[in-house]
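So this block is upload.cif, mmCIF, C-alpha atoms:
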data_final
#
loop_
_atom_site.group_PDB
_atom_site.id
_atom_site.type_symbol
_atom_site.label_atom_id
_atom_site.label_comp_id
_atom_site.auth_asym_id
_atom_site.auth_seq_id
_atom_site.Cartn_x
_atom_site.Cartn_y
_atom_site.Cartn_z
ATOM 1 C CA MET A 1 124.182 113.595 104.384
ATOM 2 C CA ASN A 2 124.550 115.619 107.574
ATOM 3 C CA ASN A 3 121.803 117.848 106.346
ATOM 4 C CA PHE A 4 119.573 114.795 105.814
ATOM 5 C CA VAL A 5 120.345 113.490 109.309
ATOM 6 C CA GLY A 6 119.608 116.955 110.691
ATOM 7 C CA LYS A 7 116.272 117.051 108.899
ATOM 8 C CA CYS A 8 115.389 113.620 110.274
ATOM 9 C CA ALA A 9 116.255 114.794 113.775
ATOM 10 C CA VAL A 10 114.017 117.835 113.376
ATOM 11 C CA ILE A 11 111.202 115.706 111.986
ATOM 12 C CA ALA A 12 111.606 113.239 114.851
ATOM 13 C CA ALA A 13 111.518 116.086 117.364
ATOM 14 C CA LEU A 14 108.402 117.559 115.744
ATOM 15 C CA SER A 15 106.743 114.150 115.668
ATOM 16 C CA GLY A 16 107.490 113.872 119.362
ATOM 17 C CA LEU A 17 105.850 117.231 119.983
ATOM 18 C CA ALA A 18 102.835 116.212 117.896
ATOM 19 C CA GLY A 19 102.601 113.020 119.938
ATOM 20 C CA PHE A 20 102.682 115.058 123.125
ATOM 21 C CA ALA A 21 99.954 117.362 121.828
ATOM 22 C CA SER A 22 97.656 114.467 120.958
ATOM 23 C CA GLU A 23 98.278 112.892 124.355
ATOM 24 C CA ALA A 24 97.455 116.195 126.021
ATOM 25 C CA SER A 25 93.947 116.081 124.534
ATOM 26 C CA ALA A 26 93.525 112.342 125.141
ATOM 27 C CA ASP A 27 91.626 112.960 128.372
ATOM 28 C CA VAL A 28 88.692 114.294 126.338
ATOM 29 C CA VAL A 29 86.338 111.344 125.866
ATOM 30 C CA GLY A 30 84.434 111.228 122.597
ATOM 31 C CA ASN A 31 80.674 110.720 122.584
ATOM 32 C CA ALA A 32 79.377 109.388 119.270
ATOM 33 C CA LYS A 33 75.765 110.225 120.152
ATOM 34 C CA ALA A 34 76.668 113.857 120.846
ATOM 35 C CA ALA A 35 78.247 114.102 117.392
ATOM 36 C CA GLU A 36 74.949 113.485 115.588
ATOM 37 C CA GLY A 37 74.251 117.211 115.726
ATOM 38 C CA LYS A 38 77.850 118.167 114.866
ATOM 39 C CA VAL A 39 78.513 116.333 111.613
ATOM 40 C CA ALA A 40 76.389 118.356 109.164
ATOM 41 C CA MET A 41 79.536 119.927 107.688
ATOM 42 C CA CYS A 42 81.187 116.500 107.362
ATOM 43 C CA ILE A 43 78.241 114.860 105.621
ATOM 44 C CA GLY A 44 78.177 117.550 102.916
ATOM 45 C CA CYS A 45 81.239 115.888 101.372
ATOM 46 C CA HIS A 46 82.052 112.640 103.206
ATOM 47 C CA GLY A 47 78.447 111.424 103.130
ATOM 48 C CA ILE A 48 78.028 111.658 99.371
ATOM 49 C CA PRO A 49 79.092 108.595 97.352
ATOM 50 C CA GLY A 50 81.658 109.539 94.719
ATOM 51 C CA TYR A 51 82.142 113.107 96.001
ATOM 52 C CA ARG A 52 85.399 114.585 94.697
ATOM 53 C CA THR A 53 87.585 117.539 95.523
ATOM 54 C CA ALA A 54 88.426 120.046 92.793
ATOM 55 C CA TYR A 55 91.764 121.515 93.927
ATOM 56 C CA PRO A 56 94.729 121.087 94.096
ATOM 57 C CA GLU A 57 94.077 117.550 92.894
ATOM 58 C CA VAL A 58 90.874 115.793 91.875
ATOM 59 C CA TYR A 59 90.257 112.838 94.157
ATOM 60 C CA GLU A 60 87.433 111.154 96.016
ATOM 61 C CA VAL A 61 87.236 112.382 99.594
ATOM 62 C CA PRO A 62 88.142 109.594 102.020
ATOM 63 C CA MET A 63 85.620 107.210 103.532
ATOM 64 C CA LEU A 64 85.542 107.892 107.258
ATOM 65 C CA GLY A 65 83.169 105.227 108.598
ATOM 66 C CA GLY A 66 85.069 102.579 110.552
ATOM 67 C CA GLN A 67 88.297 104.602 110.597
ATOM 68 C CA ASN A 68 90.295 104.683 113.840
ATOM 69 C CA ALA A 69 89.071 107.423 116.195
ATOM 70 C CA GLN A 70 92.593 108.457 117.181
ATOM 71 C CA TYR A 71 93.596 108.849 113.536
ATOM 72 C CA ILE A 72 90.536 110.997 112.769
ATOM 73 C CA ALA A 73 91.099 113.135 115.872
ATOM 74 C CA ASN A 74 94.779 113.627 115.040
ATOM 75 C CA ALA A 75 93.865 114.597 111.468
ATOM 76 C CA LEU A 76 91.334 117.200 112.656
ATOM 77 C CA HIS A 77 93.800 118.640 115.185
ATOM 78 C CA ALA A 78 96.468 118.785 112.461
ATOM 79 C CA TYR A 79 94.108 120.631 110.097
ATOM 80 C CA LYS A 80 93.178 123.031 112.890
ATOM 81 C CA LYS A 81 96.830 123.803 113.643
ATOM 82 C CA GLY A 82 97.698 124.086 109.954
ATOM 83 C CA ASP A 83 100.040 121.079 110.005
ATOM 84 C CA ARG A 84 97.853 119.277 107.497
ATOM 85 C CA HIS A 85 96.871 121.252 104.436
ATOM 86 C CA PHE A 86 93.476 121.474 102.819
ATOM 87 C CA ASP A 87 91.627 124.779 102.940
ATOM 88 C CA THR A 88 88.129 123.349 103.379
ATOM 89 C CA MET A 89 89.152 121.009 106.177
ATOM 90 C CA ARG A 90 91.165 123.744 107.874
ATOM 91 C CA ALA A 91 88.205 126.136 107.775
ATOM 92 C CA ILE A 92 85.947 123.524 109.353
ATOM 93 C CA ALA A 93 88.462 122.175 111.875
ATOM 94 C CA THR A 94 89.165 125.635 113.282
ATOM 95 C CA THR A 95 85.504 125.845 114.349
ATOM 96 C CA LEU A 96 85.738 122.604 116.361
ATOM 97 C CA SER A 97 86.579 122.337 120.053
ATOM 98 C CA ASP A 98 88.631 119.450 121.454
ATOM 99 C CA GLN A 99 85.346 117.918 122.634
ATOM 100 C CA ASP A 100 83.758 118.324 119.162
ATOM 101 C CA ILE A 101 86.770 116.605 117.583
ATOM 102 C CA ALA A 102 86.633 113.710 120.056
ATOM 103 C CA ASP A 103 82.881 113.311 119.484
ATOM 104 C CA ILE A 104 83.164 113.349 115.687
ATOM 105 C CA ALA A 105 86.074 110.878 115.785
ATOM 106 C CA ALA A 106 84.021 108.522 117.987
ATOM 107 C CA TYR A 107 81.011 108.929 115.678
ATOM 108 C CA TYR A 108 82.831 107.848 112.530
ATOM 109 C CA ALA A 109 84.903 105.148 114.244
ATOM 110 C CA ALA A 110 81.692 103.485 115.453
ATOM 111 C CA GLN A 111 80.137 103.196 111.972
ATOM 112 C CA THR A 112 79.733 99.734 110.460
ATOM 113 C CA PRO A 113 77.887 98.423 107.390
ATOM 114 C CA GLN A 114 74.863 97.951 109.687
ATOM 115 C CA SER A 115 74.865 101.542 110.978
ATOM 116 C CA LYS A 116 71.805 103.610 110.211
ATOM 117 C CA ASN A 117 72.321 106.969 108.555
ATOM 118 C CA ASN A 118 72.248 110.001 110.824
ATOM 119 C CA PRO A 119 68.629 110.535 111.935
ATOM 120 C CA ASP A 120 69.221 114.295 112.277
ATOM 121 C CA LYS A 121 70.471 114.872 108.733
ATOM 122 C CA MET B 1 87.097 129.116 53.342
ATOM 123 C CA LYS B 2 85.350 131.782 55.358
ATOM 124 C CA PRO B 3 87.234 132.881 58.463
ATOM 125 C CA SER B 4 84.449 131.633 60.709
ATOM 126 C CA LYS B 5 84.514 128.248 59.006
ATOM 127 C CA ALA B 6 88.328 128.065 59.310
ATOM 128 C CA LEU B 7 88.030 128.849 63.003
ATOM 129 C CA HIS B 8 85.418 126.142 63.333
ATOM 130 C CA SER B 9 87.650 123.542 61.645
ATOM 131 C CA SER B 10 90.654 124.413 63.736
ATOM 132 C CA PHE B 11 88.461 124.235 66.823
ATOM 133 C CA LYS B 12 87.331 120.772 65.768
ATOM 134 C CA ALA B 13 90.948 119.708 65.246
ATOM 135 C CA ALA B 14 91.905 121.077 68.646
ATOM 136 C CA SER B 15 88.968 119.277 70.255
ATOM 137 C CA ALA B 16 89.975 116.035 68.618
ATOM 138 C CA ALA B 17 93.545 116.476 69.855
ATOM 139 C CA ALA B 18 92.311 117.293 73.358
ATOM 140 C CA ALA B 19 90.067 114.248 73.305
ATOM 141 C CA LEU B 20 92.985 112.062 72.250
ATOM 142 C CA ILE B 21 95.175 113.419 75.050
ATOM 143 C CA GLY B 22 92.309 112.944 77.456
ATOM 144 C CA MET B 23 91.861 109.349 76.361
ATOM 145 C CA THR B 24 95.564 108.670 76.763
ATOM 146 C CA ALA B 25 95.486 110.064 80.289
ATOM 147 C CA PHE B 26 92.334 108.057 80.981
ATOM 148 C CA GLY B 27 94.019 104.940 79.640
ATOM 149 C CA SER B 28 97.075 105.334 81.849
ATOM 150 C CA ALA B 29 94.935 106.054 84.901
ATOM 151 C CA HIS B 30 93.224 102.727 84.379
ATOM 152 C CA ALA B 31 96.427 100.836 83.709
ATOM 153 C CA ALA B 32 97.182 100.694 87.446
ATOM 154 C CA ASP B 33 98.801 97.345 88.161
ATOM 155 C CA VAL B 34 97.224 95.805 91.263
ATOM 156 C CA ALA B 35 99.792 92.964 91.308
ATOM 157 C CA ASN B 36 102.648 95.465 91.377
ATOM 158 C CA GLY B 37 100.791 97.343 94.102
ATOM 159 C CA LYS B 38 100.629 94.178 96.197
ATOM 160 C CA ALA B 39 104.341 93.509 95.597
ATOM 161 C CA LEU B 40 105.183 97.054 96.711
ATOM 162 C CA SER B 41 102.912 96.773 99.749
ATOM 163 C CA ASP B 42 104.682 93.540 100.763
ATOM 164 C CA SER B 43 108.203 94.851 100.113
ATOM 165 C CA HIS B 44 107.512 98.061 102.057
ATOM 166 C CA ASN B 45 105.937 96.187 104.989
ATOM 167 C CA CYS B 46 102.786 98.317 104.950
ATOM 168 C CA ALA B 47 101.069 95.641 107.065
ATOM 169 C CA ALA B 48 103.635 96.133 109.849
ATOM 170 C CA CYS B 49 101.727 99.283 110.845
ATOM 171 C CA HIS B 50 98.457 99.139 108.899
ATOM 172 C CA GLY B 51 97.851 95.543 109.990
ATOM 173 C CA PRO B 52 96.784 92.307 108.298
ATOM 174 C CA GLY B 53 94.988 92.996 105.042
ATOM 175 C CA LEU B 54 95.803 96.687 105.736
ATOM 176 C CA ASN B 55 92.544 96.621 107.682
ATOM 177 C CA LYS B 56 93.641 96.330 111.312
ATOM 178 C CA PRO B 57 96.276 98.958 112.195
ATOM 179 C CA VAL B 58 98.546 98.086 115.121
ATOM 180 C CA SER B 59 97.898 101.532 116.653
ATOM 181 C CA GLY B 60 94.840 103.756 116.605
ATOM 182 C CA GLU B 61 97.081 106.522 115.288
ATOM 183 C CA TYR B 62 97.480 104.716 111.972
ATOM 184 C CA PRO B 63 94.666 104.692 109.442
ATOM 185 C CA ARG B 64 92.729 101.655 108.288
ATOM 186 C CA LEU B 65 93.365 101.501 104.532
ATOM 187 C CA ALA B 66 91.655 98.486 102.956
ATOM 188 C CA GLY B 67 88.989 99.553 100.470
ATOM 189 C CA GLN B 68 89.771 103.275 100.729
ATOM 190 C CA HIS B 69 89.322 105.240 97.491
ATOM 191 C CA ALA B 70 92.356 104.837 95.225
ATOM 192 C CA THR B 71 92.338 108.467 94.112
ATOM 193 C CA TYR B 72 92.558 109.585 97.762
ATOM 194 C CA ILE B 73 95.303 107.082 98.629
ATOM 195 C CA TYR B 74 97.327 108.157 95.607
ATOM 196 C CA TRP B 75 97.042 111.818 96.611
ATOM 197 C CA ALA B 76 97.907 111.058 100.242
ATOM 198 C CA LEU B 77 101.033 109.142 99.165
ATOM 199 C CA ARG B 78 101.939 111.891 96.708
ATOM 200 C CA GLN B 79 101.595 114.457 99.489
ATOM 201 C CA TYR B 80 104.015 112.512 101.695
ATOM 202 C CA GLN B 81 106.519 112.734 98.818
ATOM 203 C CA ILE B 82 105.950 116.500 98.567
ATOM 204 C CA GLY B 83 106.430 116.929 102.321
ATOM 205 C CA GLY B 84 105.182 119.611 104.676
ATOM 206 C CA ASN B 85 106.933 122.741 103.432
ATOM 207 C CA ASN B 86 104.283 123.919 100.993
ATOM 208 C CA PRO B 87 101.471 125.830 102.737
ATOM 209 C CA ASN B 88 98.769 124.537 100.359
ATOM 210 C CA PHE B 89 99.429 120.826 100.176
ATOM 211 C CA GLY B 90 101.867 118.177 101.283
ATOM 212 C CA ARG B 91 101.808 116.027 104.420
ATOM 213 C CA ASN B 92 104.476 115.756 107.044
ATOM 214 C CA ASN B 93 105.102 112.328 108.501
ATOM 215 C CA ALA B 94 108.624 110.959 108.934
ATOM 216 C CA ILE B 95 107.680 107.290 108.529
ATOM 217 C CA MET B 96 105.504 107.760 105.461
ATOM 218 C CA ALA B 97 107.959 110.192 103.840
ATOM 219 C CA ALA B 98 110.691 107.569 104.117
ATOM 220 C CA GLN B 99 108.372 104.838 102.794
ATOM 221 C CA VAL B 100 107.419 106.676 99.602
ATOM 222 C CA GLN B 101 110.603 108.551 98.746
ATOM 223 C CA ASN B 102 111.817 106.029 96.150
ATOM 224 C CA LEU B 103 108.463 105.308 94.517
ATOM 225 C CA SER B 104 107.407 106.614 91.113
ATOM 226 C CA GLN B 105 103.955 108.120 90.550
ATOM 227 C CA SER B 106 103.058 104.968 88.655
ATOM 228 C CA ASP B 107 104.079 102.909 91.726
ATOM 229 C CA LEU B 108 101.875 105.118 93.913
ATOM 230 C CA LYS B 109 98.917 104.531 91.575
ATOM 231 C CA ASP B 110 99.550 100.773 91.660
ATOM 232 C CA LEU B 111 99.644 100.807 95.462
ATOM 233 C CA ALA B 112 96.456 102.870 95.560
ATOM 234 C CA ALA B 113 94.675 100.464 93.197
ATOM 235 C CA TYR B 114 95.776 97.485 95.329
ATOM 236 C CA ILE B 115 94.545 99.152 98.533
ATOM 237 C CA GLU B 116 91.182 100.000 96.982
ATOM 238 C CA SER B 117 90.826 96.388 95.782
ATOM 239 C CA LEU B 118 91.064 94.993 99.342
ATOM 240 C CA ASP B 119 87.957 94.089 101.320
ATOM 241 C CA GLY B 120 87.885 96.154 104.469
ATOM 242 C CA SER B 121 85.647 97.563 107.153
ATOM 243 C CA LEU B 122 85.582 101.184 105.993
ATOM 244 C CA VAL B 123 82.064 102.353 105.137
ATOM 245 C CA LEU B 124 80.439 105.471 103.721
ATOM 246 C CA LYS B 125 77.545 106.504 105.971
ATOM 247 C CA LYS B 126 75.889 109.779 106.803
#
Show the structure stored in the file as structure tokens.
Amino acid sequence: MNNFVGKCAVIAALSGLAGFASEASADVVGNAKAAEGKVAMCIGCHGIPGYRTAYPEVYEVPMLGGQNAQYIANALHAYKKGDRHFDTMRAIATTLSDQDIADIAAYYAAQTPQSKNNPDK
Amino acid sequence: MKPSKALHSSFKAASAAAALIGMTAFGSAHAADVANGKALSDSHNCAACHGPGLNKPVSGEYPRLAGQHATYIYWALRQYQIGGNNPNFGRNNAIMAAQVQNLSQSDLKDLAAYIESLDGSLVLKK
């Protein structure tokens, strides 16, 4: 039981740190327009209806359009740091700057059923 | 029977067996119980964070879920059960880990099917 409580305390502390980290990058303002030239790597999977991963589990990659920008940004930062695990996403996220991440998050968050597909891709 | 013919027959038998197993797995994958998923979503207060209809999260840090692919939701939930100690998969989130710890894989599939069945504002665009 003590061990469980200890684990919870550690998790809570780590969550606090993660929260701090995401706040630290919150002053970067995302620009959806600027992301049009940055999402080629995203579209290769997330822009294809029915696209599935192969390993370690077969599943359809998540729909990103209309998702919360903060959630997307946190996910990309977590992949970049290695806190969230998926080799492909980690490889891509490590190439992104804080500004790139904010732009891409704003780009997907702004999508609606009426959005036109990326004119650059 | 010639050896090649025997091999062929046993291959056919093995294929038939594999097909049967495949069909069973296929059958169970499609037996996801949306009503049970809704009951679990209500009893676990998913809407308290993910918002009404699981489509309007109370904080931008939480994901919008309604309509998301069931196979992805199942894997995300499964990863919260696995936790963050494995370098190749698993997700680390104290709230979600606590939410899913007592759920079976069948429960997770039911929840995922319920979430996918909801109308939401997620879209797939390039």
Could you produce a table of the residues of chain A lying within 6 Å of chain B, with the nearest pair of atoms per residue and their separation in Å rounded to one decimal, using only C-alpha atoms, ordered by chain and increasing residue number, as CSV?
residue,atom,partner,partner_atom,distance
A:Ile43,CA,B:Lys126,CA,5.7
A:Gly47,CA,B:Lys126,CA,4.8
A:Tyr59,CA,B:Thr71,CA,4.8
A:Glu60,CA,B:Tyr72,CA,5.6
A:Met63,CA,B:Leu124,CA,5.5
A:Gly65,CA,B:Val123,CA,4.6
A:Gly66,CA,B:Leu122,CA,4.8
A:Gln67,CA,B:Arg64,CA,5.8
A:Asn68,CA,B:Gly60,CA,5.4
A:Gln70,CA,B:Glu61,CA,5.2
A:Tyr71,CA,B:Glu61,CA,4.5
A:Arg84,CA,B:Arg91,CA,6.0
A:His85,CA,B:Phe89,CA,5.0
A:Asn117,CA,B:Lys126,CA,4.9
A:Asn118,CA,B:Lys126,CA,5.4
Handout entry: Residue contacts of Gly44 in chain A (12 Å, all atoms listed in the file) excluding same-chain residues fewer than 6 positions away, as a ChimeraX atom specification
Key = /A:38,50-53,61,88-89,92,121 /B:125-126
Exercise for the section: Name every residue that the PyMOL selection byres ((chain B and resi 34-45) around 12) selects in this structure, writing the answer as a PyMOL selection string with chains first and numbers rising. Expected result: chain B and resi 30-33+46-54+65-66+70+74+95-96+98-118
Fill in the blank from the handout: Students should find that CA of Gln111 in chain A and CA of Ile72 in chain A are spaced 13.0 Å
Handout entry: Test item: residues at most 9 Å from range 28-36 of chain A, all atoms listed in the file, excluding those fewer than 5 positions along its chain, as a ChimeraX atom specification
Key = /A:69,98-110,118-121
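The space between CA of Ala78 in chain A and CA of Arg90 in chain A spans 8.6 Å.
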Fill in the blank from the handout: Students should find that CA of Val58 in chain A and CA of Ala73 in chain A are spaced 24.1 Å
Just save range 89-110 of chain A with N, CA and C atoms, as a CSV table (one decimal), in the first residue's frame.
chain,number,residue,atom,x,y,z
A,89,MET,N,6.4,8.6,-34.4
A,89,MET,CA,6.1,9.9,-33.9
A,89,MET,C,7.3,10.6,-33.2
A,90,ARG,N,8.0,9.7,-32.5
A,90,ARG,CA,9.2,10.3,-31.8
A,90,ARG,C,10.2,10.8,-32.9
A,91,ALA,N,10.4,10.0,-34.0
A,91,ALA,CA,11.4,10.5,-35.0
A,91,ALA,C,11.0,11.8,-35.6
A,92,ILE,N,9.7,12.0,-35.8
A,92,ILE,CA,9.2,13.2,-36.4
A,92,ILE,C,9.2,14.3,-35.4
A,93,ALA,N,8.8,14.1,-34.2
A,93,ALA,CA,8.7,15.1,-33.2
A,93,ALA,C,10.0,15.7,-32.8
A,94,THR,N,11.1,14.9,-32.9
A,94,THR,CA,12.4,15.4,-32.5
A,94,THR,C,12.9,16.4,-33.6
A,95,THR,N,12.3,16.4,-34.8
A,95,THR,CA,12.7,17.4,-35.8
A,95,THR,C,12.0,18.7,-35.7
A,96,LEU,N,11.0,18.8,-34.8
A,96,LEU,CA,10.1,20.0,-34.6
A,96,LEU,C,10.6,20.9,-33.5
A,97,SER,N,10.6,22.2,-33.8
A,97,SER,CA,10.9,23.2,-32.8
A,97,SER,C,9.6,23.5,-32.0
A,98,ASP,N,9.8,24.2,-30.9
A,98,ASP,CA,8.6,24.6,-30.2
A,98,ASP,C,7.6,25.4,-31.0
A,99,GLN,N,8.1,26.3,-31.9
A,99,GLN,CA,7.3,27.0,-32.8
A,99,GLN,C,6.6,26.1,-33.8
A,100,ASP,N,7.3,25.1,-34.4
A,100,ASP,CA,6.7,24.2,-35.3
A,100,ASP,C,5.5,23.5,-34.6
A,101,ILE,N,5.8,23.0,-33.4
A,101,ILE,CA,4.7,22.3,-32.6
A,101,ILE,C,3.5,23.1,-32.4
A,102,ALA,N,3.7,24.4,-32.0
A,102,ALA,CA,2.6,25.3,-31.8
A,102,ALA,C,1.8,25.5,-33.1
A,103,ASP,N,2.5,25.7,-34.2
A,103,ASP,CA,1.9,25.9,-35.5
A,103,ASP,C,1.0,24.7,-35.9
A,104,ILE,N,1.6,23.5,-35.8
A,104,ILE,CA,0.9,22.3,-36.2
A,104,ILE,C,-0.3,22.1,-35.3
A,105,ALA,N,-0.2,22.3,-34.0
A,105,ALA,CA,-1.3,22.2,-33.1
A,105,ALA,C,-2.4,23.1,-33.5
A,106,ALA,N,-2.1,24.4,-33.8
A,106,ALA,CA,-3.1,25.4,-34.2
A,106,ALA,C,-3.7,25.0,-35.5
A,107,TYR,N,-2.9,24.4,-36.4
A,107,TYR,CA,-3.4,24.0,-37.8
A,107,TYR,C,-4.5,22.9,-37.6
A,108,TYR,N,-4.2,21.9,-36.9
A,108,TYR,CA,-5.2,20.8,-36.7
A,108,TYR,C,-6.4,21.2,-35.9
A,109,ALA,N,-6.2,22.0,-34.8
A,109,ALA,CA,-7.3,22.5,-34.0
A,109,ALA,C,-8.3,23.3,-34.7
A,110,ALA,N,-7.8,24.0,-35.8
A,110,ALA,CA,-8.7,24.9,-36.5
A,110,ALA,C,-9.5,24.2,-37.6
